>>> print(open('run_14.cif').read())   # mmCIF, C-alpha atoms and all ligand atoms
data_structure
#
loop_
_atom_site.label_atom_id
_atom_site.label_comp_id
_atom_site.auth_asym_id
_atom_site.auth_seq_id
_atom_site.Cartn_x
_atom_site.Cartn_y
_atom_site.Cartn_z
CA MET I 1 -54.03 14.75 -3.12
CA ARG I 2 -51.30 12.34 -4.12
CA LYS I 3 -52.07 10.43 -7.29
CA LYS I 4 -51.41 6.74 -6.79
CA ILE I 5 -48.81 4.88 -8.83
CA VAL I 6 -48.83 1.19 -9.60
CA ALA I 7 -45.45 0.31 -11.07
CA GLY I 8 -44.36 -3.07 -12.37
CA ASN I 9 -40.75 -4.06 -11.85
CA TRP I 10 -40.22 -6.90 -14.28
CA LYS I 11 -36.63 -7.48 -13.11
CA MET I 12 -34.72 -9.91 -15.38
CA ASN I 13 -37.82 -11.53 -16.86
CA LYS I 14 -39.28 -11.76 -20.36
CA THR I 15 -37.64 -11.95 -23.76
CA PHE I 16 -38.57 -9.29 -26.30
CA ASP I 17 -41.45 -11.30 -27.77
CA GLU I 18 -42.77 -12.32 -24.36
CA ALA I 19 -42.59 -8.72 -23.18
CA LYS I 20 -44.44 -7.50 -26.25
CA ALA I 21 -47.18 -10.06 -25.67
CA LEU I 22 -47.61 -9.10 -22.01
CA MET I 23 -47.63 -5.38 -22.83
CA ASN I 24 -50.20 -5.98 -25.52
CA GLU I 25 -52.40 -7.95 -23.14
CA LEU I 26 -52.10 -5.22 -20.52
CA LYS I 27 -52.95 -2.52 -23.02
CA THR I 28 -55.96 -4.40 -24.33
CA LYS I 29 -57.34 -5.24 -20.91
CA LEU I 30 -56.73 -1.79 -19.45
CA ASN I 31 -58.44 -0.25 -22.44
CA ASN I 32 -56.89 3.11 -21.54
CA ASP I 33 -58.99 3.25 -18.44
CA THR I 34 -56.38 4.11 -15.81
CA SER I 35 -55.31 7.65 -16.37
CA GLU I 36 -57.26 9.84 -13.98
CA ILE I 37 -56.85 8.15 -10.64
CA VAL I 38 -53.84 5.89 -10.97
CA GLU I 39 -50.57 6.23 -12.84
CA VAL I 40 -49.56 2.90 -14.33
CA VAL I 41 -45.86 2.38 -14.92
CA VAL I 42 -44.11 -0.62 -16.48
CA CYS I 43 -40.36 -1.14 -16.00
CA PRO I 44 -39.27 -4.01 -18.25
CA PRO I 45 -35.67 -5.05 -18.97
CA PHE I 46 -33.77 -2.50 -21.08
CA LEU I 47 -34.05 -4.55 -24.28
CA CYS I 48 -37.83 -4.54 -24.07
CA ILE I 49 -38.21 -0.80 -23.63
CA PRO I 50 -38.61 -0.20 -27.38
CA ALA I 51 -41.51 -2.65 -27.23
CA ALA I 52 -43.05 -0.53 -24.46
CA LYS I 53 -42.62 2.53 -26.65
CA ASP I 54 -44.59 0.81 -29.44
CA GLU I 55 -47.21 -0.95 -27.35
CA PHE I 56 -48.03 1.92 -25.00
CA ALA I 57 -47.98 4.70 -27.62
CA GLY I 58 -51.21 6.66 -27.34
CA THR I 59 -52.13 5.12 -23.98
CA SER I 60 -51.67 6.52 -20.48
CA VAL I 61 -49.29 3.72 -19.47
CA ARG I 62 -45.84 5.10 -18.71
CA TYR I 63 -42.65 3.11 -18.73
CA GLY I 64 -39.16 3.21 -17.37
CA GLY I 65 -35.88 1.44 -16.74
CA GLN I 66 -34.63 -0.48 -13.73
CA ASN I 67 -31.22 1.19 -13.43
CA ILE I 68 -28.87 3.74 -14.99
CA HIS I 69 -25.21 4.61 -14.76
CA PHE I 70 -24.41 7.85 -12.96
CA LYS I 71 -22.24 9.28 -15.73
CA ASP I 72 -23.49 10.88 -18.96
CA ASP I 73 -21.72 8.45 -21.29
CA GLY I 74 -18.31 6.96 -21.94
CA ALA I 75 -16.27 3.83 -21.39
CA PHE I 76 -18.56 1.91 -19.05
CA THR I 77 -18.98 -1.48 -20.70
CA GLY I 78 -22.40 -2.99 -20.20
CA GLU I 79 -24.01 0.13 -18.77
CA ILE I 80 -26.99 2.26 -19.87
CA SER I 81 -27.23 6.03 -19.45
CA ALA I 82 -30.11 8.22 -18.37
CA SER I 83 -30.14 9.94 -21.78
CA MET I 84 -30.51 6.58 -23.51
CA LEU I 85 -33.62 5.81 -21.47
CA LYS I 86 -35.00 9.28 -22.01
CA ALA I 87 -34.46 8.97 -25.77
CA VAL I 88 -36.74 5.93 -25.95
CA GLY I 89 -39.48 7.66 -24.02
CA CYS I 90 -38.87 6.47 -20.47
CA GLU I 91 -40.43 8.64 -17.82
CA TYR I 92 -39.25 6.73 -14.74
CA VAL I 93 -36.24 4.79 -13.54
CA ILE I 94 -36.06 2.48 -10.52
CA LEU I 95 -32.95 3.30 -8.49
CA GLY I 96 -31.37 1.70 -5.45
CA HIS I 97 -33.44 -1.46 -5.59
CA SER I 98 -32.36 -3.85 -2.85
CA GLU I 99 -31.26 -6.41 -5.43
CA ARG I 100 -28.88 -3.79 -6.84
CA ARG I 101 -27.69 -2.98 -3.34
CA GLN I 102 -27.26 -6.65 -2.45
CA TYR I 103 -25.88 -8.25 -5.63
CA PHE I 104 -24.15 -5.28 -7.26
CA HIS I 105 -22.92 -3.60 -4.10
CA GLU I 106 -24.67 -0.30 -4.74
CA THR I 107 -24.22 2.08 -1.84
CA ASN I 108 -26.34 5.04 -0.79
CA HIS I 109 -23.55 7.26 -2.09
CA LEU I 110 -23.62 5.69 -5.55
CA ILE I 111 -27.42 5.70 -5.65
CA ASN I 112 -27.34 9.39 -4.78
CA PHE I 113 -25.23 10.05 -7.90
CA LYS I 114 -27.75 8.12 -9.96
CA VAL I 115 -30.70 10.07 -8.53
CA ILE I 116 -28.92 13.30 -9.38
CA LYS I 117 -28.19 12.14 -12.93
CA ALA I 118 -31.72 10.88 -13.51
CA LEU I 119 -33.23 14.21 -12.48
CA GLU I 120 -30.71 16.15 -14.54
CA LYS I 121 -31.75 14.17 -17.62
CA GLY I 122 -35.46 14.46 -16.98
CA LEU I 123 -36.15 10.97 -15.63
CA LYS I 124 -38.21 10.48 -12.47
CA PRO I 125 -36.42 8.24 -9.98
CA ILE I 126 -38.35 5.62 -8.05
CA LEU I 127 -35.92 5.50 -5.16
CA CYS I 128 -36.05 2.21 -3.25
CA VAL I 129 -35.28 1.98 0.44
CA GLY I 130 -35.87 -0.72 3.01
CA GLU I 131 -34.32 -2.68 5.82
CA THR I 132 -33.18 -6.31 5.95
CA LEU I 133 -34.75 -8.84 8.31
CA GLU I 134 -31.67 -8.71 10.49
CA GLN I 135 -31.95 -4.95 10.81
CA ARG I 136 -35.62 -5.21 11.72
CA GLU I 137 -34.87 -7.84 14.32
CA GLN I 138 -32.28 -5.51 15.79
CA GLY I 139 -34.91 -2.77 15.95
CA ILE I 140 -32.90 -0.41 13.75
CA GLU I 141 -35.19 -0.42 10.70
CA LYS I 142 -36.26 3.21 11.06
CA LYS I 143 -32.71 4.41 11.48
CA ILE I 144 -31.61 2.44 8.40
CA VAL I 145 -34.42 3.75 6.21
CA ASP I 146 -33.92 7.33 7.42
CA GLU I 147 -30.23 7.03 6.57
CA GLN I 148 -31.01 5.65 3.10
CA VAL I 149 -33.49 8.47 2.40
CA THR I 150 -31.12 11.14 3.67
CA LEU I 151 -28.00 9.92 1.86
CA CYS I 152 -29.71 9.03 -1.41
CA LEU I 153 -31.36 12.46 -1.60
CA LYS I 154 -28.23 14.43 -0.79
CA ASP I 155 -28.02 17.60 -2.92
CA ILE I 156 -31.52 17.12 -4.30
CA ASN I 157 -33.33 20.40 -3.84
CA ALA I 158 -36.99 21.01 -3.16
CA ALA I 159 -37.83 21.45 -6.86
CA GLY I 160 -36.13 18.13 -7.64
CA MET I 161 -38.36 16.40 -5.10
CA ASP I 162 -41.40 17.09 -7.29
CA ASN I 163 -40.08 14.34 -9.55
CA VAL I 164 -38.90 11.83 -6.97
CA VAL I 165 -41.00 8.86 -5.93
CA ILE I 166 -39.92 6.74 -2.97
CA ALA I 167 -40.60 3.02 -2.68
CA TYR I 168 -40.41 1.41 0.73
CA GLU I 169 -39.46 -2.20 0.13
CA PRO I 170 -38.51 -4.19 3.20
CA VAL I 171 -35.90 -6.63 1.90
CA TRP I 172 -37.45 -9.50 3.84
CA ALA I 173 -40.71 -9.05 1.94
CA ILE I 174 -39.30 -8.97 -1.59
CA GLY I 175 -40.06 -12.09 -3.58
CA THR I 176 -40.66 -14.04 -0.38
CA GLY I 177 -44.44 -14.05 -0.26
CA LYS I 178 -44.08 -12.47 3.18
CA THR I 179 -45.70 -9.04 3.01
CA ALA I 180 -45.34 -6.31 5.57
CA THR I 181 -48.64 -5.86 7.36
CA PRO I 182 -50.51 -2.74 6.31
CA GLN I 183 -49.72 -1.31 9.77
CA GLN I 184 -46.00 -2.06 9.50
CA ALA I 185 -45.87 -0.46 6.06
CA GLU I 186 -47.95 2.55 7.11
CA GLU I 187 -45.72 3.11 10.12
CA MET I 188 -42.60 3.20 7.98
CA HIS I 189 -44.24 5.44 5.39
CA ILE I 190 -45.00 7.91 8.16
CA GLU I 191 -41.36 7.72 9.25
CA ILE I 192 -40.22 8.41 5.70
CA ARG I 193 -42.47 11.48 5.61
CA LYS I 194 -40.85 12.62 8.85
CA SER I 195 -37.43 12.22 7.26
CA LEU I 196 -38.60 14.27 4.28
CA GLU I 197 -39.99 16.93 6.59
CA ASN I 198 -36.61 17.15 8.33
CA LEU I 199 -34.75 17.31 5.03
CA TYR I 200 -37.18 19.68 3.29
CA ASN I 201 -40.47 20.80 4.78
CA ALA I 202 -43.98 19.61 5.55
CA THR I 203 -45.31 20.49 2.10
CA ILE I 204 -42.78 18.31 0.34
CA ALA I 205 -43.20 15.54 2.90
CA GLY I 206 -46.93 15.70 2.31
CA ARG I 207 -46.86 15.57 -1.46
CA THR I 208 -44.09 13.03 -2.13
CA ARG I 209 -45.50 9.74 -3.25
CA ILE I 210 -44.33 6.75 -1.25
CA LEU I 211 -45.01 3.31 -2.71
CA TYR I 212 -44.93 0.01 -0.88
CA GLY I 213 -43.16 -2.96 -2.45
CA GLY I 214 -42.56 -6.51 -1.33
CA SER I 215 -44.88 -9.38 -2.25
CA MET I 216 -47.80 -7.08 -3.02
CA ASN I 217 -50.30 -9.09 -5.03
CA ASP I 218 -53.90 -9.20 -6.20
CA LYS I 219 -55.00 -10.53 -2.81
CA ASN I 220 -53.31 -8.14 -0.38
CA ALA I 221 -53.16 -4.97 -2.49
CA LYS I 222 -56.49 -3.51 -1.44
CA GLU I 223 -55.67 -3.49 2.24
CA LEU I 224 -52.16 -2.12 1.76
CA LEU I 225 -53.30 0.54 -0.70
CA GLY I 226 -56.07 1.53 1.66
CA MET I 227 -53.58 2.92 4.17
CA SER I 228 -53.49 6.69 4.07
CA ASN I 229 -49.72 7.03 3.61
CA ILE I 230 -49.32 4.29 1.00
CA ASP I 231 -49.49 5.94 -2.39
CA GLY I 232 -49.18 2.90 -4.59
CA GLY I 233 -47.10 -0.18 -5.15
CA LEU I 234 -43.90 -1.35 -6.76
CA ILE I 235 -44.80 -4.81 -7.92
CA GLY I 236 -42.37 -7.58 -8.87
CA GLY I 237 -43.74 -11.09 -9.32
CA ALA I 238 -47.40 -10.06 -9.59
CA ALA I 239 -46.57 -7.64 -12.42
CA LEU I 240 -45.63 -10.53 -14.69
CA LYS I 241 -49.25 -11.59 -15.16
CA ALA I 242 -51.61 -9.08 -16.75
CA ASP I 243 -54.61 -10.11 -14.67
CA SER I 244 -52.95 -9.83 -11.28
CA PHE I 245 -51.30 -6.53 -12.22
CA ILE I 246 -54.64 -5.15 -13.35
CA THR I 247 -56.33 -6.31 -10.15
CA ILE I 248 -53.74 -4.31 -8.21
CA ILE I 249 -54.38 -1.27 -10.41
CA GLU I 250 -58.10 -1.64 -9.71
CA ALA I 251 -57.36 -1.88 -5.98
CA ALA I 252 -55.53 1.44 -6.17
CA LYS I 253 -58.54 3.28 -7.61
P1 LIG X 1 -42.03 -8.67 -5.37
O1 LIG X 1 -40.90 -7.60 -5.80
O2 LIG X 1 -43.35 -8.00 -5.60
O3 LIG X 1 -41.80 -9.84 -6.28
O4 LIG X 1 -41.81 -8.98 -3.94
C1 LIG X 1 -41.05 -6.25 -5.54
C2 LIG X 1 -39.81 -5.51 -5.96
O5 LIG X 1 -38.73 -6.06 -5.77
O6 LIG X 1 -39.88 -4.38 -6.49
#
>>> encode(input="run_14.cif", output="structure tokens")
Amino acid sequence: MRKKIVAGNWKMNKTFDEAKALMNELKTKLNNDTSEIVEVVVCPPFLCIPAAKDEFAGTSVRYGGQNIHFKDDGAFTGEISASMLKAVGCEYVILGHSERRQYFHETNHLINFKVIKALEKGLKPILCVGETLEQREQGIEKKIVDEQVTLCLKDINAAGMDNVVIAYEPVWAIGTGKTATPQQAEEMHIEIRKSLENLYNATIAGRTRILYGGSMNDKNAKELLGMSNIDGGLIGGAALKADSFITIIEAAK
């Protein structure tokens, strides 16, 4: 049985004080009532991670970053290392998000280095994959996603896969209000499991958690999360309001 994850990707939103207020509201409204069935994860901007450490102390809410550099440390101006996130209590890190691929030119090869580094330092990667609208229109979406999964997981062994979460986020659905239908998402999640079975084995394919992301909100979450291969959501816009995020968490139960 795969435990569901509802993860909030706050992207570049919220100042420290705003983040603290939202975290506090979440904590109060959740009243520590998530733990058993759903894992709740919050990924705020780096600067707000210390606030997560304070606000979520003693609760079951986990938190993480939205990126890391692939090296341990050194002369990489403006970057953040896996160890730095780990040291402030992060459990997860989002890697290979389509916005990083699109605006910061991250390649599968680079993302693979980051996945390796995250695992080495004890962070759980939420590895994002997903096709663009153009690729879907060309009918190559499965090939693209299989390639992303394969290349980003290069050199990750079976034991490493225990700590990897995959998020299928069709680029055309992110921040657009245009969600994949539950059937479209389910179909791709099944494909991703096939890729994992080819790369590893059926056991690993069967226990890896695959989240859906892309305009998931309080209205459509229940139907998406009801699909048997959708193990949770990576939520952008709807994670910025406590009530809608909590409704999605409820839908995952
Ligand atoms: P969205 O973002 O929910 O705002 O579409 C999801 C994501 O990019 O992770």
>>> atom_distance(input="run_14.cif", atom1="CA of Gly130 in chain I", atom2="CA of Ala173 in chain I")
9.7 Å
>>> closest_residue(input="run_14.cif", among="I:Ile235, I:Leu85, I:Ala242, I:Leu151", to="ligand LIG 1 (chain X)", atoms="all atoms listed in the file")
I:Ile235
>>> residues_near_point(input="run_14.cif", point="(-45.4, -2.3, -8.9)", cutoff="10 Å", atoms="all atoms listed in the file", output="list of chain:residue names")
I:Ile5, I:Val6, I:Ala7, I:Gly8, I:Asn9, I:Trp10, I:Val40, I:Val41, I:Val42, I:Cys43, I:Ala167, I:Leu211, I:Tyr212, I:Gly213, I:Gly214, I:Ser215, I:Met216, I:Asn217, I:Gly232, I:Gly233, I:Leu234, I:Ile235, I:Gly236, I:Gly237, I:Ala238, I:Ala239, I:Phe245, I:Ile248, I:Ile249
>>> closest_residue(input="run_14.cif", among="I:Asp243, I:Glu197, I:Ala158, I:Glu187", to="Ile230 in chain I", atoms="all atoms listed in the file")
I:Glu187
>>> residues_around(input="run_14.cif", residues="Gln66 in chain I", least_positions_apart="6", cutoff="8 Å", atoms="only C-alpha atoms", output="list in words")
Asn9, Lys11, Cys43, Pro44, Pro45, Phe46, Val93, Ile94 and Leu95 of chain I
>>> decode(input="run_14.cif", residues="range 49-64 of chain I", atoms="N, CA, C and O atoms", output="CSV table (one decimal), in the first residue's frame")
chain,number,residue,atom,x,y,z
I,49,ILE,N,12.5,28.3,4.9
I,49,ILE,CA,12.6,26.9,5.5
I,49,ILE,C,12.8,26.9,7.0
I,49,ILE,O,12.2,26.1,7.7
I,50,PRO,N,13.6,27.9,7.5
I,50,PRO,CA,13.7,28.0,9.0
I,50,PRO,C,12.4,28.2,9.6
I,50,PRO,O,12.1,27.7,10.7
I,51,ALA,N,11.5,28.9,9.0
I,51,ALA,CA,10.1,29.1,9.5
I,51,ALA,C,9.4,27.8,9.6
I,51,ALA,O,8.7,27.5,10.5
I,52,ALA,N,9.6,27.0,8.5
I,52,ALA,CA,8.9,25.6,8.5
I,52,ALA,C,9.5,24.8,9.7
I,52,ALA,O,8.7,24.1,10.3
I,53,LYS,N,10.8,24.9,9.9
I,53,LYS,CA,11.4,24.2,11.0
I,53,LYS,C,10.7,24.5,12.3
I,53,LYS,O,10.4,23.6,13.1
I,54,ASP,N,10.5,25.8,12.5
I,54,ASP,CA,9.8,26.3,13.8
I,54,ASP,C,8.4,25.9,13.8
I,54,ASP,O,7.9,25.3,14.8
I,55,GLU,N,7.7,26.2,12.7
I,55,GLU,CA,6.2,26.1,12.8
I,55,GLU,C,5.8,24.6,12.8
I,55,GLU,O,4.8,24.2,13.4
I,56,PHE,N,6.5,23.7,12.1
I,56,PHE,CA,6.1,22.4,12.0
I,56,PHE,C,6.7,21.4,13.0
I,56,PHE,O,6.5,20.2,12.9
I,57,ALA,N,7.6,22.0,13.9
I,57,ALA,CA,8.2,21.2,14.9
I,57,ALA,C,7.1,20.5,15.7
I,57,ALA,O,6.1,21.1,16.1
I,58,GLY,N,7.3,19.2,15.9
I,58,GLY,CA,6.3,18.4,16.7
I,58,GLY,C,5.0,18.1,16.0
I,58,GLY,O,4.1,17.5,16.6
I,59,THR,N,4.9,18.4,14.7
I,59,THR,CA,3.8,18.0,13.9
I,59,THR,C,4.2,16.9,12.9
I,59,THR,O,5.4,16.6,12.8
I,60,SER,N,3.3,16.4,12.2
I,60,SER,CA,3.7,15.4,11.2
I,60,SER,C,3.9,16.0,9.8
I,60,SER,O,4.2,15.3,8.8
I,61,VAL,N,3.9,17.3,9.7
I,61,VAL,CA,4.1,18.0,8.4
I,61,VAL,C,5.6,18.0,8.1
I,61,VAL,O,6.4,18.3,9.0
I,62,ARG,N,5.9,17.5,6.9
I,62,ARG,CA,7.4,17.5,6.5
I,62,ARG,C,7.6,18.7,5.6
I,62,ARG,O,6.7,19.2,5.0
I,63,TYR,N,8.8,19.0,5.4
I,63,TYR,CA,9.1,20.1,4.5
I,63,TYR,C,10.4,19.9,3.7
I,63,TYR,O,11.1,19.0,4.0
I,64,GLY,N,10.5,20.7,2.7
I,64,GLY,CA,11.6,20.5,1.8
I,64,GLY,C,11.9,21.7,0.9
I,64,GLY,O,11.2,22.7,1.0
